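Take a look at the structure set out below.
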Amino acid sequence: MNDVLIKGGRIVTAVDDYVADILVRNGQIEAIARDIPADGAEVHHATGLVVFPGGVDVHTHMQFDLGVAQTVDTFETGTRSAAFGGTTTIIDFALQKRDETPKQALDRRLAEAEPQCCVDYSFHIILTHVTPETLAELPDLINHEGISSFKMFMAYPGVLMVEDADIFRAMRKVGAHGGMINLHAENGGVIQVLIEEALAQGNTSPKYHALTRPSIMEGEATHRGIRLAELAEMPVYFVHLSAAEALESVVQARDRGILAFAETCPHYLFLTEEEYDRPGFDAAKFVMTPPLRTHKCQHDLWRGLRFDDLQIVSTDHCPFCFNEQPFGIQKSKQMGHDDFEKIPNGAPGVEFRIPLLFDGGVNAGRINLNRFVQLTATAPAKMFGLFPRKGAIAVGSDADLVLFDPLKPHTLSASTHHSNADYSLYEGKSVTGKVEKVFLRGKLIVNGDEWLGNPGSGQFQRRSASGRVM
Ligand code: URP
Ligand code: ZN
Ligand code: ZN
């Protein structure tokens, strides 16, 4: 592979901001200096562009099989979409099915991902049954397979939900070996009561998805999860945090010195529950879990990002089509046309995290450029054991680099995104700031609208300890 030289860009990391050249050799950053001579390298001029580390999105669901429904992006289409949005590493999920051990779930997902991924990848394993056999496998997964984070659900009783006692058991085991538990925090039992009541009263429209998942039940589960982690003496990470009540619990825990961390997602930062008032079935596009919240929640989330009560912005890219065709009913929101409980939960967004956060965060004056890099690349890499290989622009780091035009306007739309999803939550939204070039370990994979990457060129990333970052 030829050397690559990126000339004259404004290099922005979580802490730095300066103009220099970057020399890439064998996929890694070899040197950063003023005026590095070309010496036969492939030269990319970056004057006027911002150069930041490739995004790390720690919450995606590519080719995700929920039994009744499957997400519509394959590992190939989903990671290509990620790349066009400036993300060069994803952490997806390996769901432990009924008859599987965690290791078997991981092996199945690795086999699916390996020939297809266009960017680098890892997995969190979703633990669904905490048997002695499950617990026995965890140390080896953390210490030898490079899987240091495990998701557990406090919601979806009878499907994914795990009892508190089992969460506690897993926490103690995982924590003792340098791993972290990621919690989906909602009180599943109470929510089920509300769902059954709504359906019994004939309330079947998408809006009832939100009305039956109140934010205080996210707050309650978050508080409970924190207490379990406190007793287990290990770090805990809350995925897709959406509610002011949940944030309040995280803030209080952190003030008490508990290792409680959380991510939020662009849809909670840019959309509110008003979307559920859309006429007809259109509101189903916005059915994700947790649901969209109030303006007050949104305001609090932005504050959380500014003051590090929230450490990461991930997408929870969980794409389904709105229409049944061409991918079939099991990949479509239409499954729940007559019953909100059957609408597949989740929405697309992996391609828009970076442009949205740049436009609505940096341009809008809510966060600065360094914080933007911290939230989208550096903190996720540190939190999940990928730093300094990922999330950094430093000598020896992987040359995952984004050349970004901060002044270029463009419009977010499903007609131009690269996901298989047939709609976007942000259809028609104008933003300023566009990904121009993306390098994955020194190879140019996105050049404007041109795709130069290859399925299978993404590499599995073994991770070190999770949740040890402050
Ligand atoms: O609605 C969502 N978020 N679907 C994906 C599954 C999950 O809970 O993250
Ligand atoms: Zn979840
Ligand atoms: Zn998710």
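In the structure tokens, each chain is lettered A, B, ... as it comes, each chain's residues begin at 1, and ligands are numbered from 1 in order of appearance.
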
Residues at most 6 Å from A:Thr89, counting only C-alpha atoms, excluding those fewer than 3 positions away in the same chain, as a PDB file with all heavy atoms, in the first residue's frame?
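Printed below is selection_36.pdb as written:
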ATOM      1  N   VAL A  56     -16.843   6.589  15.771  1.00  0.00           N
ATOM      2  CA  VAL A  56     -17.041   5.270  16.401  1.00  0.00           C
ATOM      3  C   VAL A  56     -18.486   5.251  16.907  1.00  0.00           C
ATOM      4  O   VAL A  56     -18.834   6.003  17.818  1.00  0.00           O
ATOM      5  CB  VAL A  56     -16.036   5.063  17.564  1.00  0.00           C
ATOM      6  CG1 VAL A  56     -16.273   3.705  18.230  1.00  0.00           C
ATOM      7  CG2 VAL A  56     -14.601   5.191  17.062  1.00  0.00           C
ATOM      8  N   VAL A 119     -16.561  -1.300   7.207  1.00  0.00           N
ATOM      9  CA  VAL A 119     -15.779  -0.545   8.199  1.00  0.00           C
ATOM     10  C   VAL A 119     -15.443  -1.521   9.329  1.00  0.00           C
ATOM     11  O   VAL A 119     -15.963  -2.641   9.377  1.00  0.00           O
ATOM     12  CB  VAL A 119     -16.539   0.692   8.752  1.00  0.00           C
ATOM     13  CG1 VAL A 119     -16.914   1.649   7.629  1.00  0.00           C
ATOM     14  CG2 VAL A 119     -17.776   0.290   9.570  1.00  0.00           C
ATOM     15  N   ASP A 120     -14.579  -1.084  10.241  1.00  0.00           N
ATOM     16  CA  ASP A 120     -14.169  -1.970  11.334  1.00  0.00           C
ATOM     17  C   ASP A 120     -15.331  -2.166  12.315  1.00  0.00           C
ATOM     18  O   ASP A 120     -16.223  -1.327  12.403  1.00  0.00           O
ATOM     19  CB  ASP A 120     -12.925  -1.411  12.023  1.00  0.00           C
ATOM     20  CG  ASP A 120     -11.688  -1.571  11.130  1.00  0.00           C
ATOM     21  OD1 ASP A 120     -11.802  -2.254  10.083  1.00  0.00           O
ATOM     22  OD2 ASP A 120     -10.631  -1.017  11.471  1.00  0.00           O
ATOM     23  N   TYR A 121     -15.289  -3.258  13.061  1.00  0.00           N
ATOM     24  CA  TYR A 121     -16.474  -3.609  13.850  1.00  0.00           C
ATOM     25  C   TYR A 121     -16.111  -4.451  15.065  1.00  0.00           C
ATOM     26  O   TYR A 121     -15.069  -5.120  15.100  1.00  0.00           O
ATOM     27  CB  TYR A 121     -17.494  -4.383  12.989  1.00  0.00           C
ATOM     28  CG  TYR A 121     -16.941  -5.662  12.395  1.00  0.00           C
ATOM     29  CD1 TYR A 121     -17.150  -6.888  13.011  1.00  0.00           C
ATOM     30  CD2 TYR A 121     -16.151  -5.629  11.241  1.00  0.00           C
ATOM     31  CE1 TYR A 121     -16.612  -8.062  12.483  1.00  0.00           C
ATOM     32  CE2 TYR A 121     -15.614  -6.794  10.719  1.00  0.00           C
ATOM     33  CZ  TYR A 121     -15.852  -8.006  11.339  1.00  0.00           C
ATOM     34  OH  TYR A 121     -15.306  -9.156  10.823  1.00  0.00           O
TER      35      TYR A 121
END

Give me, as CSV, each residue of stretch 249-351 of chain A that comes within 8 Å of stretch 416-429 of chain A, together with its shortest interatomic pair and the distance in Å at one decimal, counting only C-alpha atoms, with rows ordered by chain and rising residue number.
residue,atom,partner,partner_atom,distance
A:His267,CA,A:Leu425,CA,7.7
A:Lys285,CA,A:Leu425,CA,7.1
A:Phe286,CA,A:Leu425,CA,7.0
A:Pro319,CA,A:Ala421,CA,5.9
A:Phe320,CA,A:Ala421,CA,5.8
A:Cys321,CA,A:Ala421,CA,4.8
A:Phe322,CA,A:Asp422,CA,6.4
A:Asn323,CA,A:Asp422,CA,7.4
A:Ala347,CA,A:Leu425,CA,7.5
A:Pro348,CA,A:Ala421,CA,6.6
A:Gly349,CA,A:Ser424,CA,7.3
A:Glu351,CA,A:His417,CA,7.1

Go ahead and dump the residues you just picked, C-alpha atoms, as a PDB file, in the first residue's frame.
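Full text of again10.pdb as output:
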ATOM      1  CA  HIS A 267     -33.285  11.341  17.488  1.00  0.00           C
ATOM      2  CA  LYS A 285     -41.622   5.786  11.405  1.00  0.00           C
ATOM      3  CA  PHE A 286     -40.772   7.255  14.812  1.00  0.00           C
ATOM      4  CA  PRO A 319     -33.559   0.296  10.435  1.00  0.00           C
ATOM      5  CA  PHE A 320     -36.891  -0.957   9.153  1.00  0.00           C
ATOM      6  CA  CYS A 321     -38.698   0.159   6.019  1.00  0.00           C
ATOM      7  CA  PHE A 322     -41.960   2.016   6.240  1.00  0.00           C
ATOM      8  CA  ASN A 323     -43.375   0.215   3.200  1.00  0.00           C
ATOM      9  CA  ALA A 347     -35.228   3.653  13.183  1.00  0.00           C
ATOM     10  CA  PRO A 348     -32.391   4.304  10.714  1.00  0.00           C
ATOM     11  CA  GLY A 349     -29.744   6.983  11.294  1.00  0.00           C
ATOM     12  CA  GLU A 351     -25.291   8.024   8.280  1.00  0.00           C
TER      13      GLU A 351
END

Closest atom pairs, chain A residues within 9 Å of ligand 3, only C-alpha atoms and all ligand atoms, as CSV:
residue,atom,partner,partner_atom_place_in_ligand_line,distance
A:His59,CA,ligand 3,1 (Zn),6.0
A:Thr60,CA,ligand 3,1 (Zn),6.3
A:His61,CA,ligand 3,1 (Zn),6.4
A:Asp92,CA,ligand 3,1 (Zn),8.8
A:Phe93,CA,ligand 3,1 (Zn),8.5
A:His184,CA,ligand 3,1 (Zn),8.3
A:Val239,CA,ligand 3,1 (Zn),7.5
A:His240,CA,ligand 3,1 (Zn),7.2
A:Met288,CA,ligand 3,1 (Zn),8.9
A:Thr289,CA,ligand 3,1 (Zn),7.9
A:Thr315,CA,ligand 3,1 (Zn),8.2
A:Asp316,CA,ligand 3,1 (Zn),4.5
A:His317,CA,ligand 3,1 (Zn),6.9
A:Cys318,CA,ligand 3,1 (Zn),6.4
A:Asn345,CA,ligand 3,1 (Zn),9.0
A:Gly346,CA,ligand 3,1 (Zn),7.3

* Asked: Given the choices A:Gly54, A:Pro409, A:Gly40, A:Gly396, which gets closest to A:Phe439 if the distance is worked out from only C-alpha atoms?
  -> A:Gly54

* Asked: Could you pull the residues within 7 Å of A:Pro206, counting only C-alpha atoms, minus those fewer than 6 positions along the same chain, as a list in words?
  ->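 That gives Tyr276, Phe281, Ala283, Ala284, Val287 and Phe340 of chain A.
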
Could you write out that same residue set with N, CA, C and O atoms as a PDB file, in the first residue's frame?
ATOM      1  N   TYR A 276     -45.413  11.981  17.047  1.00  0.00           N
ATOM      2  CA  TYR A 276     -46.454  10.954  17.158  1.00  0.00           C
ATOM      3  C   TYR A 276     -47.849  11.497  16.833  1.00  0.00           C
ATOM      4  O   TYR A 276     -48.815  10.738  16.782  1.00  0.00           O
ATOM      5  N   PHE A 281     -50.752   6.448   9.760  1.00  0.00           N
ATOM      6  CA  PHE A 281     -49.741   5.517  10.255  1.00  0.00           C
ATOM      7  C   PHE A 281     -48.326   6.102  10.169  1.00  0.00           C
ATOM      8  O   PHE A 281     -47.363   5.456  10.563  1.00  0.00           O
ATOM      9  N   ALA A 283     -46.735   8.105  11.852  1.00  0.00           N
ATOM     10  CA  ALA A 283     -46.024   8.190  13.136  1.00  0.00           C
ATOM     11  C   ALA A 283     -45.231   6.918  13.432  1.00  0.00           C
ATOM     12  O   ALA A 283     -44.300   6.936  14.254  1.00  0.00           O
ATOM     13  N   ALA A 284     -45.573   5.810  12.762  1.00  0.00           N
ATOM     14  CA  ALA A 284     -44.853   4.543  13.006  1.00  0.00           C
ATOM     15  C   ALA A 284     -43.369   4.660  12.656  1.00  0.00           C
ATOM     16  O   ALA A 284     -42.535   3.930  13.193  1.00  0.00           O
ATOM     17  N   VAL A 287     -41.412   5.120  15.748  1.00  0.00           N
ATOM     18  CA  VAL A 287     -41.549   4.144  16.835  1.00  0.00           C
ATOM     19  C   VAL A 287     -40.192   3.487  17.077  1.00  0.00           C
ATOM     20  O   VAL A 287     -39.733   2.647  16.293  1.00  0.00           O
ATOM     21  N   PHE A 340     -50.035  -1.211  17.625  1.00  0.00           N
ATOM     22  CA  PHE A 340     -48.738  -0.541  17.827  1.00  0.00           C
ATOM     23  C   PHE A 340     -47.698  -1.467  18.442  1.00  0.00           C
ATOM     24  O   PHE A 340     -46.501  -1.299  18.223  1.00  0.00           O
TER      25      PHE A 340
END

* Write out as an MDAnalysis selection string each polymer residue whose atoms come within 10 Å of A:Gly360, counting only C-alpha atoms; drop sequence neighbours fewer than 3 positions from it. => chainID A and resid 266 269:270 354:357 363:367 431:432

Just C-alpha atoms for this one: save the residues we selected as a PDB file, in the first residue's frame.
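Below is the file that was written, selection.pdb:
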ATOM      1  CA  PRO A 266     -29.545  12.018  17.634  1.00  0.00           C
ATOM      2  CA  LEU A 269     -31.606  15.505  20.480  1.00  0.00           C
ATOM      3  CA  PHE A 270     -33.399  16.643  17.338  1.00  0.00           C
ATOM      4  CA  ILE A 354     -21.944  13.261  12.450  1.00  0.00           C
ATOM      5  CA  PRO A 355     -23.606  15.839  10.157  1.00  0.00           C
ATOM      6  CA  LEU A 356     -26.467  16.304  12.632  1.00  0.00           C
ATOM      7  CA  LEU A 357     -24.235  16.739  15.641  1.00  0.00           C
ATOM      8  CA  ASN A 363     -22.854  25.288  14.389  1.00  0.00           C
ATOM      9  CA  ALA A 364     -25.668  25.960  16.834  1.00  0.00           C
ATOM     10  CA  GLY A 365     -23.142  26.788  19.578  1.00  0.00           C
ATOM     11  CA  ARG A 366     -24.242  24.010  21.935  1.00  0.00           C
ATOM     12  CA  ILE A 367     -20.901  22.160  21.929  1.00  0.00           C
ATOM     13  CA  VAL A 431     -27.578  20.961   7.501  1.00  0.00           C
ATOM     14  CA  THR A 432     -24.235  22.694   7.033  1.00  0.00           C
TER      15      THR A 432
END

* Asked: Could you write out, as number ranges by chain, all the residues of stretch 19-192 of chain A that DSSP marks as alpha helix (DSSP H)?
  -> A: 75-84, 102-113, 132-143, 164-176, 188-192

Just write the chosen residues, N, CA and C atoms, as a compact mmCIF listing (two decimals), in the first residue's frame.
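Result file is selection_34.txt:
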# COMPACT_ATOMS: atom_id res chain seq x y z
N PHE A 75 -24.99 -6.22 6.95
CA PHE A 75 -23.72 -5.64 7.41
C PHE A 75 -23.09 -4.82 6.29
N GLU A 76 -23.28 -5.25 5.05
CA GLU A 76 -22.68 -4.51 3.95
C GLU A 76 -23.35 -3.14 3.76
N THR A 77 -24.66 -3.13 3.61
CA THR A 77 -25.31 -1.83 3.34
C THR A 77 -25.22 -0.90 4.56
N GLY A 78 -25.34 -1.49 5.74
CA GLY A 78 -25.31 -0.65 6.94
C GLY A 78 -23.96 -0.03 7.19
N THR A 79 -22.89 -0.79 6.94
CA THR A 79 -21.57 -0.22 7.20
C THR A 79 -21.15 0.73 6.07
N ARG A 80 -21.67 0.51 4.87
CA ARG A 80 -21.41 1.48 3.79
C ARG A 80 -22.08 2.81 4.14
N SER A 81 -23.30 2.69 4.63
CA SER A 81 -24.02 3.90 5.05
C SER A 81 -23.26 4.61 6.18
N ALA A 82 -22.76 3.81 7.12
CA ALA A 82 -21.97 4.39 8.22
C ALA A 82 -20.78 5.17 7.66
N ALA A 83 -20.08 4.56 6.70
CA ALA A 83 -18.88 5.19 6.14
C ALA A 83 -19.22 6.52 5.47
N PHE A 84 -20.30 6.56 4.71
CA PHE A 84 -20.69 7.82 4.08
C PHE A 84 -21.00 8.90 5.12
N PRO A 102 -23.30 -17.42 25.01
CA PRO A 102 -22.81 -16.14 24.47
C PRO A 102 -21.76 -16.33 23.38
N LYS A 103 -20.87 -17.28 23.57
CA LYS A 103 -19.79 -17.49 22.59
C LYS A 103 -20.37 -17.96 21.25
N GLN A 104 -21.37 -18.82 21.31
CA GLN A 104 -21.99 -19.28 20.06
C GLN A 104 -22.67 -18.11 19.35
N ALA A 105 -23.31 -17.23 20.13
CA ALA A 105 -23.94 -16.05 19.52
C ALA A 105 -22.88 -15.18 18.85
N LEU A 106 -21.76 -15.00 19.52
CA LEU A 106 -20.68 -14.19 18.94
C LEU A 106 -20.17 -14.82 17.66
N ASP A 107 -19.92 -16.11 17.67
CA ASP A 107 -19.38 -16.78 16.49
C ASP A 107 -20.34 -16.67 15.30
N ARG A 108 -21.63 -16.80 15.58
CA ARG A 108 -22.64 -16.67 14.51
C ARG A 108 -22.59 -15.27 13.90
N ARG A 109 -22.50 -14.26 14.76
CA ARG A 109 -22.48 -12.89 14.24
C ARG A 109 -21.16 -12.57 13.53
N LEU A 110 -20.05 -13.11 14.03
CA LEU A 110 -18.77 -12.88 13.36
C LEU A 110 -18.81 -13.47 11.94
N ALA A 111 -19.40 -14.64 11.82
CA ALA A 111 -19.48 -15.27 10.49
C ALA A 111 -20.34 -14.44 9.54
N GLU A 112 -21.39 -13.82 10.05
CA GLU A 112 -22.23 -12.97 9.20
C GLU A 112 -21.49 -11.68 8.81
N ALA A 113 -20.79 -11.12 9.77
CA ALA A 113 -20.19 -9.80 9.57
C ALA A 113 -18.93 -9.84 8.70
N PRO A 132 -25.45 -20.86 34.80
CA PRO A 132 -24.04 -21.07 35.19
C PRO A 132 -23.12 -21.18 33.97
N GLU A 133 -23.63 -21.80 32.90
CA GLU A 133 -22.84 -21.95 31.67
C GLU A 133 -22.54 -20.57 31.05
N THR A 134 -23.56 -19.73 31.01
CA THR A 134 -23.38 -18.36 30.49
C THR A 134 -22.31 -17.64 31.31
N LEU A 135 -22.48 -17.67 32.63
CA LEU A 135 -21.54 -16.94 33.49
C LEU A 135 -20.11 -17.47 33.33
N ALA A 136 -20.00 -18.75 33.16
CA ALA A 136 -18.66 -19.35 33.05
C ALA A 136 -17.92 -18.89 31.80
N GLU A 137 -18.67 -18.57 30.76
CA GLU A 137 -18.00 -18.15 29.51
C GLU A 137 -17.49 -16.71 29.54
N LEU A 138 -18.04 -15.89 30.43
CA LEU A 138 -17.78 -14.45 30.34
C LEU A 138 -16.30 -14.06 30.50
N PRO A 139 -15.58 -14.61 31.47
CA PRO A 139 -14.16 -14.20 31.59
C PRO A 139 -13.36 -14.44 30.31
N ASP A 140 -13.61 -15.57 29.68
CA ASP A 140 -12.86 -15.88 28.46
C ASP A 140 -13.23 -14.91 27.32
N LEU A 141 -14.50 -14.57 27.25
CA LEU A 141 -14.92 -13.61 26.21
C LEU A 141 -14.22 -12.27 26.40
N ILE A 142 -14.11 -11.85 27.66
CA ILE A 142 -13.48 -10.56 27.94
C ILE A 142 -11.96 -10.65 27.72
N ASN A 143 -11.36 -11.69 28.27
CA ASN A 143 -9.89 -11.74 28.28
C ASN A 143 -9.27 -12.26 26.99
N ASP A 164 -33.68 -8.78 37.77
CA ASP A 164 -32.65 -8.01 38.47
C ASP A 164 -31.55 -8.91 39.03
N ALA A 165 -31.97 -10.05 39.59
CA ALA A 165 -30.98 -10.94 40.21
C ALA A 165 -29.97 -11.42 39.17
N ASP A 166 -30.45 -11.68 37.96
CA ASP A 166 -29.54 -12.15 36.91
C ASP A 166 -28.65 -11.01 36.41
N ILE A 167 -29.21 -9.80 36.36
CA ILE A 167 -28.37 -8.65 35.99
C ILE A 167 -27.25 -8.52 37.02
N PHE A 168 -27.63 -8.64 38.28
CA PHE A 168 -26.63 -8.52 39.35
C PHE A 168 -25.56 -9.61 39.24
N ARG A 169 -26.01 -10.84 38.98
CA ARG A 169 -25.03 -11.94 38.81
C ARG A 169 -24.05 -11.64 37.68
N ALA A 170 -24.60 -11.21 36.55
CA ALA A 170 -23.75 -10.91 35.40
C ALA A 170 -22.82 -9.74 35.69
N MET A 171 -23.36 -8.73 36.38
CA MET A 171 -22.53 -7.57 36.70
C MET A 171 -21.30 -7.96 37.52
N ARG A 172 -21.53 -8.79 38.53
CA ARG A 172 -20.40 -9.17 39.39
C ARG A 172 -19.32 -9.91 38.59
N LYS A 173 -19.78 -10.83 37.75
CA LYS A 173 -18.84 -11.63 36.97
C LYS A 173 -18.10 -10.75 35.95
N VAL A 174 -18.86 -9.96 35.20
CA VAL A 174 -18.27 -9.13 34.15
C VAL A 174 -17.33 -8.08 34.77
N GLY A 175 -17.80 -7.45 35.82
CA GLY A 175 -17.01 -6.39 36.47
C GLY A 175 -15.69 -6.91 36.98
N ALA A 176 -15.69 -8.11 37.50
CA ALA A 176 -14.47 -8.69 38.08
C ALA A 176 -13.39 -8.93 37.02
N GLY A 188 -39.93 -2.97 32.34
CA GLY A 188 -40.69 -3.77 31.37
C GLY A 188 -42.03 -4.26 31.88
N GLY A 189 -42.09 -4.64 33.17
CA GLY A 189 -43.34 -5.17 33.72
C GLY A 189 -44.44 -4.13 33.73
N VAL A 190 -44.12 -2.95 34.21
CA VAL A 190 -45.13 -1.87 34.30
C VAL A 190 -45.56 -1.46 32.88
N ILE A 191 -44.59 -1.35 31.99
CA ILE A 191 -44.91 -0.97 30.61
C ILE A 191 -45.87 -1.99 29.99
N GLN A 192 -45.67 -3.26 30.30
CA GLN A 192 -46.55 -4.30 29.75
C GLN A 192 -47.99 -4.11 30.23

* To do: Provide the atom CA of A:Val250 to atom CA of A:Ile226 distance in Å, to one decimal place.
  =>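 Atom-to-atom, atom CA of A:Val250 to atom CA of A:Ile226, that is 7.7 Å.
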
* To do: Going by DSSP on the backbone, which bits of stretch 251-298 of chain A are strand (DSSP E)? Write them as a VMD selection string, please.
  => chain A and resid 260 to 264

Residues as selected, N, CA and C atoms, written as a CSV table (one decimal), in the first residue's frame, can you do that?
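The resulting file, out-v3.csv, is reproduced below:
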chain,number,residue,atom,x,y,z
A,260,ALA,N,-21.1,5.5,36.6
A,260,ALA,CA,-22.3,5.4,35.7
A,260,ALA,C,-22.1,6.2,34.5
A,261,PHE,N,-22.3,5.6,33.3
A,261,PHE,CA,-22.1,6.3,32.1
A,261,PHE,C,-23.3,6.2,31.2
A,262,ALA,N,-23.4,7.0,30.2
A,262,ALA,CA,-24.6,6.9,29.3
A,262,ALA,C,-24.4,7.6,28.0
A,263,GLU,N,-25.1,7.0,27.0
A,263,GLU,CA,-25.1,7.6,25.7
A,263,GLU,C,-26.6,8.2,25.4
A,264,THR,N,-26.7,9.1,24.5
A,264,THR,CA,-28.0,9.4,24.0
A,264,THR,C,-27.8,9.4,22.5

* Grab the atom CA of A:His45 to atom CA of A:Val362 distance for me, in Å with one decimal place. => 23.8 Å

* Asked: Which residue gives the smallest distance to A:Asp17 among A:Tyr208, A:Val50, A:Asp3, A:Ser332, with only C-alpha atoms counted?
  ->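 Closest candidate: A:Val50.
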
* To do: Name the closest residue to ligand 1 among the candidates A:Gly85, A:Pro291, A:Gly9, A:Gly304; distances are taken between atoms, counting only C-alpha atoms and all ligand atoms.
  =>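 Of A:Gly85, A:Pro291, A:Gly9, A:Gly304, the one nearest ligand 1 is A:Pro291, counting only C-alpha atoms and all ligand atoms.
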
* To do: Take atom CA of A:Ala31 and atom CA of A:Leu403 and report the distance between them in Å, one decimal.
  => 17.3 Å

* Top pick for closest residue to ligand 2, considering A:Ile329, A:Leu5, A:Leu241, A:Val12 and counting only C-alpha atoms and all ligand atoms ->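 The shortest atom-to-atom distance to ligand 2 comes from A:Leu241.
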
* 9 Å contact set for A:Met1, only C-alpha atoms, chain neighbours under 4 positions out, as a list of chain:residue names ->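 Surrounding residues, per the criterion: A:Arg25, A:Asn26, A:Gly27, A:Gly442, A:Lys443.
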
Could you save those same residues with C-alpha atoms as a short mmCIF file (atom, residue, chain, number, x, y, z; two decimals), in the first residue's frame?
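Output below, filename out.cif:
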data_model
loop_
_atom_site.label_atom_id
_atom_site.label_comp_id
_atom_site.auth_asym_id
_atom_site.auth_seq_id
_atom_site.Cartn_x
_atom_site.Cartn_y
_atom_site.Cartn_z
CA ARG A 25 2.00 4.34 6.26
CA ASN A 26 0.71 0.75 6.33
CA GLY A 27 -2.68 1.92 7.54
CA GLY A 442 -5.34 4.70 5.27
CA LYS A 443 -7.49 3.53 2.38
#

* To do: Name the closest residue to A:Tyr237 among the candidates A:Val58, A:Ala394, A:Ala69, A:Ile6; distances are taken between atoms, counting only C-alpha atoms.
  => A:Val58

* **Neighbour list for A:Asp39 as a list in words, cut-off 12 Å, only C-alpha atoms, skip fewer than 3 positions in-chain** =>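 Contacts, in chain order: Asn2, Asp3, Val4, Leu5, Leu23, Asp35, Ile36, Glu42 and Val43 of chain A.
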
* Have a look at A:Gly8, A:Pro290, A:Pro279, A:Pro37 and name the one nearest to ligand 2; count only C-alpha atoms and all ligand atoms. =>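 Of A:Gly8, A:Pro290, A:Pro279, A:Pro37, the one nearest ligand 2, counting only C-alpha atoms and all ligand atoms, is A:Pro290.
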